[in-house]
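First the structure, in the form of structure tokens, and then the observations on it.
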Amino acid sequence: MSSEPLEPGLYHIKSQQSDDYLTALFPGNGRIVAQPEKGEPFAINPEGPNFVIYFRGIPVGVVGDHLIAQPNVPQVVWKVTKAEAQGAWVFERDDEPRGWWFDPEQEDNLTIRPLIAIPSYPPQYPPPELFVLEMA
């Protein structure tokens with residue numbers, strides 16, 4: 001559980017594992033990927049106790065196992081949890097136990113999959129599930 005709540009706002013999101021920043025492929029398919037350069041920030045807006053995430057005003061949704069920012073893709077509400085001991089954040093769908101996973105070896109290096117939490121207090125997460133938020 002998080003003792004530090006996430007404040008809504010504009011954030012650059014990066015993988016804690018690689019320091020690559022997330023962006024959407026525009027022009028193109030709107031797929032969310034990680035790259036070395038810092039791009040445009042994401043807007044993280046409250047939706048009840050959770051959040052909707054936007055890129056260029058388009059909500060981030062899911063198609064198959066991919067995060068997508070396209071107007072025709074339904075928005076997803078995300079639980080964003082602080083991994084206190086690891087100094088990073090975990091992004092999980094609020095309607096199912098699947099979340100963001102970064103794999104630098106894949107061309108589509110950011111996917112959504114079942115999350116893994118190491119049973120401990122506080123919970124520990126593997127590096128591919130950890131993301132750093134930098135206020136824009």
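Within each chain, counting starts at residue 1; across the structure tokens, chains are named A, B, ... in the order shown, with ligands numbered 1 upward in that order.
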| said: as a VMD selection string, please: every residue in chain A that DSSP puts in helix (DSSP H, G or I). | reply: chain A and resid 84 to 86 127 to 129
| request: Using DSSP on the backbone, list every residue of chain A that comes out as strand (DSSP E), and give them as a PyMOL selection string. | output: chain A and resi 9-15+21-24+32-35+42-47+50-55+58-63+66-69+77-83+88-93+98-102+110-114+131-135
| task | Pick out the closest residue to Leu130 of chain A from this set: A:Val63, A:Val76, A:Val90, A:Ala24. Count only C-alpha atoms. | result | A:Val90
| field | Polymer residues at most 10 Å from Phe91 of chain A, only C-alpha atoms, same-chain spacing of 4 or more positions, as a count of residues only | value | 16
| query | Of the candidates A:Glu84, A:Glu7, A:Asp108, A:Glu134, which one gets nearest to Gly30 of chain A if we count only C-alpha atoms? | reply | A:Asp108
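Counting only C-alpha atoms, segment 54-56 of chain A has the following residues at most 10 Å away, ignoring those fewer than 4 positions along the same chain: A:Leu10, A:Thr23, A:Ala24, A:Gly30, A:Ile32, A:Glu40, A:Pro41, A:Phe42, A:Ala43, A:Ile44, A:Asn45, A:Val60, A:Gly61, A:Ile68, A:Ala69, A:Gln70, A:Gln75.
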